[in-house]
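Report on the structure given below.
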Amino acid sequence: MICLHGLAPEQEAGIRAAAPDWHIIFGRPKDLDPAEFRDAEVIFGWCDAAAETGLAAGSKLRWIQLWSSGADYMPFEKLKQREVMLTTASGVHTVPMAETVFAMLLAYTRELPRAIRNQGRRHWDKAGHFTELNGRTMAVIGLGSIGTEVARLAQAFGMRVIGVRRTARPAEHVDAVLTLDKLDEALAASDVIVNVLPKTTETDGLFDEARFAAMKQGAFFVNVGRGASVRTDALVEALTNGHLAGAGLDVFETEPLPEDHPLWSLDNVIITPHTGGNTDRLKEKVTALFLENLAVYLETGSPARNHVDYDRQY
């Protein structure tokens, strides 16, 4: 078993205690011999060396536990062919991601970017369009653990929540659930749209010129899902022509966002560099998930939860 990315001593001890008969290697990718991945049955984390050696012919790999909630960067076809199980860290990033959404929304409604710019100039200016979240409607596109937590917080702020996902079954903290084929209906009814969708063939380029045109005049768009789901040129046009009031963006089609990209210069856009899930508690939370999955894997040969469906791509 190989555990990557520099765990704390107490986390290493917990893993050793859970699998006392296993040979376990702890370390950062740059410090490990790539050949060691060939003998690993379980890899906690992922890196280039693991991809090159761990999936080579004759390797012993059976299960990968990722640190990320998304898995779109993984070689699905090769993993499927090799019958390697893949689990994500879904649920680990729920709180920081949802808090990032509301940090952006509150910054927008309370004109914090303008205030920060004025503070830097030592300029006292009460101008601005101040508004409230209370009484507004939010569409949450994608009702996984992050989307559900966003919906819970939205209701706490007195918002009406429309959820959009594959099926229309009721969801906690959501006032109405629509299927993806009714996305435009949800967009037209919402003051705030939050995209939390994973990257799949179905979601690639989902938010294009027509989708932004379907949004209510003056809506605020938040993307903490995947950059590939948004056609950036269409978003820039909707932001510059006044159709959208603003946007909060943590993910982008191209990362890092190029220095000359027009999004940087738009005052109605809040940009974070794909840090929405970052937290000082990440190692603690992802290790707890790994230990839960490891206990069941050692007993049954299959992890407890967060399995990736290679056909659905998430």
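Residue numbers start at 1 in each chain; chains themselves are named A, B, ... in the order of the structure tokens; ligands are numbered from 1 in the order shown.
Those residues that approach region 74-80 of chain A to within 9 Å, counting only C-alpha atoms, are Ala51, Leu55, Val84, Met85, Leu86, Tyr310, Asp311 and Gln313 of chain A; same-chain residues fewer than 4 positions away are not listed.
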Which residues come within 7 Å of region 282-289 of chain A, counting only C-alpha atoms, excluding same-chain residues fewer than 5 positions away, as JSON, numbers by chain? {"A": [7, 11, 67, 89, 92]}
A:Pro170, A:Gly144, A:Pro113, A:Pro29 ranked by distance to Val269 (chain A), top pick (using only C-alpha atoms): A:Pro113
Go through A:Ala107, A:Thr203, A:Glu83, A:Phe26 and flag the residue nearest Pro9 (chain A), using only C-alpha atoms for the distances. A:Phe26
Enumerate, in order of chain and increasing residue number, the residues of region 113-160 of chain A with an atom no farther than 10 Å from region 211-232 of chain A, each with its shortest atom pair and distance in Å to one decimal, counting only C-alpha atoms, as JSON lines.
```
{"residue": "A:Thr137", "atom": "CA", "partner": "A:Ala219", "partner_atom": "CA", "distance": 10.0}
{"residue": "A:Met138", "atom": "CA", "partner": "A:Phe220", "partner_atom": "CA", "distance": 9.5}
{"residue": "A:Ala139", "atom": "CA", "partner": "A:Phe221", "partner_atom": "CA", "distance": 9.7}
{"residue": "A:Val140", "atom": "CA", "partner": "A:Val222", "partner_atom": "CA", "distance": 9.6}
{"residue": "A:Ile141", "atom": "CA", "partner": "A:Gly225", "partner_atom": "CA", "distance": 9.1}
{"residue": "A:Gly142", "atom": "CA", "partner": "A:Gly225", "partner_atom": "CA", "distance": 8.6}
{"residue": "A:Ile146", "atom": "CA", "partner": "A:Gly225", "partner_atom": "CA", "distance": 9.5}
{"residue": "A:Gly147", "atom": "CA", "partner": "A:Gly225", "partner_atom": "CA", "distance": 9.6}
```
Write out the residues from the selection above, keeping N, CA and C atoms, as a PDB file, in the first residue's frame.
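After the write, selection_36.pdb holds the following:
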```pdb
ATOM      1  N   THR A 137     -34.460  33.437  -5.461  1.00  0.00           N
ATOM      2  CA  THR A 137     -34.500  32.037  -5.884  1.00  0.00           C
ATOM      3  C   THR A 137     -33.136  31.611  -6.390  1.00  0.00           C
ATOM      4  N   MET A 138     -32.665  30.461  -5.917  1.00  0.00           N
ATOM      5  CA  MET A 138     -31.394  29.901  -6.354  1.00  0.00           C
ATOM      6  C   MET A 138     -31.634  28.583  -7.087  1.00  0.00           C
ATOM      7  N   ALA A 139     -30.962  28.407  -8.209  1.00  0.00           N
ATOM      8  CA  ALA A 139     -30.934  27.115  -8.895  1.00  0.00           C
ATOM      9  C   ALA A 139     -29.595  26.461  -8.611  1.00  0.00           C
ATOM     10  N   VAL A 140     -29.633  25.265  -8.053  1.00  0.00           N
ATOM     11  CA  VAL A 140     -28.421  24.494  -7.791  1.00  0.00           C
ATOM     12  C   VAL A 140     -28.361  23.388  -8.838  1.00  0.00           C
ATOM     13  N   ILE A 141     -27.381  23.472  -9.707  1.00  0.00           N
ATOM     14  CA  ILE A 141     -27.271  22.522 -10.799  1.00  0.00           C
ATOM     15  C   ILE A 141     -26.290  21.432 -10.393  1.00  0.00           C
ATOM     16  N   GLY A 142     -26.829  20.292  -9.989  1.00  0.00           N
ATOM     17  CA  GLY A 142     -26.021  19.204  -9.447  1.00  0.00           C
ATOM     18  C   GLY A 142     -26.286  19.060  -7.959  1.00  0.00           C
ATOM     19  N   ILE A 146     -22.103  18.449  -2.259  1.00  0.00           N
ATOM     20  CA  ILE A 146     -21.833  19.892  -2.269  1.00  0.00           C
ATOM     21  C   ILE A 146     -23.099  20.671  -2.609  1.00  0.00           C
ATOM     22  N   GLY A 147     -23.794  20.250  -3.653  1.00  0.00           N
ATOM     23  CA  GLY A 147     -25.017  20.935  -4.046  1.00  0.00           C
ATOM     24  C   GLY A 147     -26.066  20.923  -2.954  1.00  0.00           C
TER      25      GLY A 147
END
```
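The spacing separating CA of Ala35 (chain A) from CA of His23 (chain A) amounts to 15.0 Å.
The residue set within 12 Å of Glu172 (chain A), counting only C-alpha atoms and dropping same-chain residues fewer than 5 places from it, reads A:Leu143, A:Gly144, A:Ser145, A:Gly147, A:Thr148, A:Glu149, A:Val150, A:Ala151, A:Arg152, A:Leu153, A:Gln155, A:Val161, A:Ile162, A:Gly163, A:Val177.
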From a backbone DSSP assignment, name each residue in region 166-200 of chain A labelled helix (DSSP H, G or I), as an NGL selection string. :A and (180-188)
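In this comparison, which uses only C-alpha atoms, the residue of A:Leu249, A:Cys3, A:Leu61, A:Val174 approaching Trp46 (chain A) most closely is A:Cys3.
Checking A:Gly6, A:Gly14, A:Thr94, A:Arg62 one by one against Gly301 (chain A), counting only C-alpha atoms, you find the shortest gap at A:Arg62.
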Given the choices A:Leu133, A:Ile43, A:Val164, A:Val192, which gets closest to Thr179 (chain A) if the distance is worked out from only C-alpha atoms? A:Val164
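For the pair CA of Leu187 (chain A) and CA of Phe207 (chain A), the separation is 10.6 Å.
Take the candidates A:Phe130, A:Phe157, A:Phe37, A:Phe44 and check each one against Leu291 (chain A) using only C-alpha atoms; the shortest distance goes to A:Phe44.
Computed from the coordinates, the CA of Glu253 (chain A) to CA of Leu235 (chain A) distance equals 11.3 Å.
The protein and nucleic acid residues lying at most 8 Å from Asp72 (chain A) are Gly70, Met74, Pro198, Lys199, Thr200, Gln313 and Tyr314 of chain A, with only C-alpha atoms considered and sequence neighbours fewer than 2 positions away removed.
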All strand (DSSP E) residues (DSSP, backbone) inside region 175-267 of chain A, as a PyMOL selection string: chain A and resi 176-179+192-195+219-223+244-249
